[in-house]
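Scroll down for the structure; my scribbles are underneath it.
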Amino acid sequence: MPHAHHHHHVDPAAGDGKIAAAVAINLGLTVAQIIGGVISGSLSLIADALHNFSDAIALIIAFGARKIARLPANADMTFGYGRIEPVAALINYSTLIVIGLYLVYEAVMRFATPEPVAGWIIVAVAGFALLVDLGTAALTYRASKTSINIRAAFLHNVADALGSVAVIIAGTLVLLFGWTWVDPLVTLMIAGYILWQSATELPHVTRILMLGRPLGIKTEDVIAAMRSIPGVADVHHVHLWMLQEHGNALDAHVVATADTDASALRSALKSQLKEAFDLHHITLELETKANQCIQPVVIGH
């Protein structure tokens with residue numbers, strides 16, 4: 001996909017008010033669900049409450065990370081603070097995994113020692129939670145398109161809405177048929193979704209933190225494009241990575257052919273790389289065949 005990338009400029013402060021409102025709503029809902037879960041004896045309702053609470057914490061962390069990410073670069077942080085957002089996302093997803101495993105344990109224990117459940121309270125509280133989850137998802141939808149943190153929180157809210165539907169079904173079955181075993185079963189389903197969601201999102205966060213290549217861009221394609229430009233004899237010591245979520249970077253040594261204008265070659269390379277691969281932080285070291293690196297490797301040092 002070397003010719004289908006576009007650089008989007010995003011207002012970094014967009015959506016802050018909506019995110020703050022979403023945090024307040026989720027914290028209020030968490031309290032209501034925990035009270036309802038304790039009164040009704042519903043583990044699935046408490047499970048949904050813990051997921052809502054994790055959403056609120058995730059939003060708080062993401063909100064703080066967005067604020068920090070806007071700080072300018074300085075002598076200590078010469079690349080700026082943009083990578084704080086994937087760090088925050090890693091914290092959020094790791095916390096979700098712990099919560100998911102805890103819910104699996106509690107559900108298994110509830111299967112072993114069933115407890116009475118008040119179905120009508122479950123249905124009422126879960127119905128209210130569903131409305132709040134949908135409202136919170138709406139508040140964070142736009143910001144989720146441009147931030148890995150907010151996208152994580154948005155997906156959590158969608159999962160909460162699905163979890164609330166499952167809890168409503170569980171409460172209805174308890175009311176109609178007295179099937180208390182449905183409650184821990186739904187808890188397992190919610191926990192499974194949390195774990196699956198975290199497992200699918202973590203690789204992208206880890207890729208950013210590990211300085212991995214941007215998705216959709218092949219390192220081999222970048223090297224081939226550079227070698228195809230007139231005046232380039234060879235390319236080595238190539239590093240291609242995600243500087244942060246919205247910034248792809250390249251560092252490379254370029255061996256120029258004889259009698260090549262170094263300034264013109266550097267400009268041609270940067271222009272081509274920016275247009276074809278959406279690379280906006282490019283560092284090129286130009287060499288000649290006479291003074292090039294000894295036994296260089298193409299990728300890495």
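Order determines the names: the first chain of the structure tokens is A, the second B, and so forth; residues in each chain are numbered 1 upward, and ligands are numbered 1 upward as they are shown.
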_Residues near Ala233 of chain A, cut-off 10 Å, only C-alpha atoms, skip fewer than 6 positions along chain, as a ChimeraX atom specification_ = /A:226-227,254-258,287-289
Cut-off 10 Å: closest segment 53-126 of chain A/segment 151-172 of chain A atom pairs per residue, using only C-alpha atoms, as a Markdown table:
```
| residue | atom | partner | partner_atom | distance |
| --- | --- | --- | --- | --- |
| A:Ser54 | CA | A:His156 | CA | 8.7 |
| A:Asp55 | CA | A:Ala153 | CA | 5.9 |
| A:Ala56 | CA | A:Ala153 | CA | 8.2 |
| A:Ile57 | CA | A:Ala153 | CA | 9.3 |
| A:Ala58 | CA | A:Ala153 | CA | 6.3 |
| A:Leu59 | CA | A:Ala153 | CA | 6.2 |
| A:Ile60 | CA | A:Ala153 | CA | 9.9 |
| A:Ala62 | CA | A:Ala153 | CA | 8.4 |
| A:Ala89 | CA | A:Ala152 | CA | 7.4 |
| A:Asn92 | CA | A:Ala152 | CA | 8.3 |
| A:Tyr93 | CA | A:Ala152 | CA | 8.3 |
| A:Leu96 | CA | A:His156 | CA | 9.7 |
| A:Val117 | CA | A:Gly171 | CA | 8.4 |
| A:Ala118 | CA | A:Gly171 | CA | 7.8 |
| A:Gly119 | CA | A:Gly171 | CA | 4.4 |
| A:Trp120 | CA | A:Gly171 | CA | 6.6 |
| A:Ile121 | CA | A:Gly171 | CA | 7.9 |
| A:Ile122 | CA | A:Gly171 | CA | 5.3 |
| A:Val123 | CA | A:Ile168 | CA | 4.8 |
| A:Ala124 | CA | A:Ile168 | CA | 8.0 |
| A:Val125 | CA | A:Ile168 | CA | 8.7 |
| A:Ala126 | CA | A:Ser164 | CA | 5.2 |
```
Same residues, C-alpha atoms, saved as a PDB file, in the first residue's frame:
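selection.pdb, freshly written:
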```
ATOM      1  CA  SER A  54     -12.080   0.133  34.131  1.00  0.00           C
ATOM      2  CA  ASP A  55     -13.517   2.248  31.304  1.00  0.00           C
ATOM      3  CA  ALA A  56     -13.615   5.296  33.559  1.00  0.00           C
ATOM      4  CA  ILE A  57     -10.030   4.707  34.702  1.00  0.00           C
ATOM      5  CA  ALA A  58      -8.959   4.122  31.097  1.00  0.00           C
ATOM      6  CA  LEU A  59     -10.542   7.423  30.086  1.00  0.00           C
ATOM      7  CA  ILE A  60      -8.856   9.245  32.978  1.00  0.00           C
ATOM      8  CA  ALA A  62      -6.059   8.557  28.327  1.00  0.00           C
ATOM      9  CA  ALA A  89      -2.949   2.295  26.390  1.00  0.00           C
ATOM     10  CA  ASN A  92      -5.245   0.203  30.316  1.00  0.00           C
ATOM     11  CA  TYR A  93      -5.186  -3.087  28.434  1.00  0.00           C
ATOM     12  CA  LEU A  96      -8.320  -5.125  31.671  1.00  0.00           C
ATOM     13  CA  VAL A 117     -30.121 -13.784  42.564  1.00  0.00           C
ATOM     14  CA  ALA A 118     -32.785 -11.026  42.449  1.00  0.00           C
ATOM     15  CA  GLY A 119     -33.595 -10.906  38.742  1.00  0.00           C
ATOM     16  CA  TRP A 120     -35.732  -7.763  38.672  1.00  0.00           C
ATOM     17  CA  ILE A 121     -32.932  -5.602  40.134  1.00  0.00           C
ATOM     18  CA  ILE A 122     -30.516  -7.003  37.548  1.00  0.00           C
ATOM     19  CA  VAL A 123     -32.832  -6.094  34.665  1.00  0.00           C
ATOM     20  CA  ALA A 124     -33.526  -2.582  35.980  1.00  0.00           C
ATOM     21  CA  VAL A 125     -29.897  -1.646  36.665  1.00  0.00           C
ATOM     22  CA  ALA A 126     -28.583  -3.284  33.481  1.00  0.00           C
TER      23      ALA A 126
END
```
*What's the 9 Å shell around Ser147 of chain A, counting only C-alpha atoms, without same-chain residues fewer than 6 positions away, as a PyMOL selection string?*
chain A and resi 62+66+85+245-246
*Find the residues near Val132 of chain A: any atom within 8 Å, counting only C-alpha atoms, skip ones fewer than 2 places away on the same chain, and give them as a count of residues only.*
9
*Identify all residues of segment 92-261 of chain A in helix (DSSP H, G or I) (DSSP on the backbone) and supply them as a PyMOL selection string.*
chain A and resi 92-112+119-144+148-177+182-209+219-227
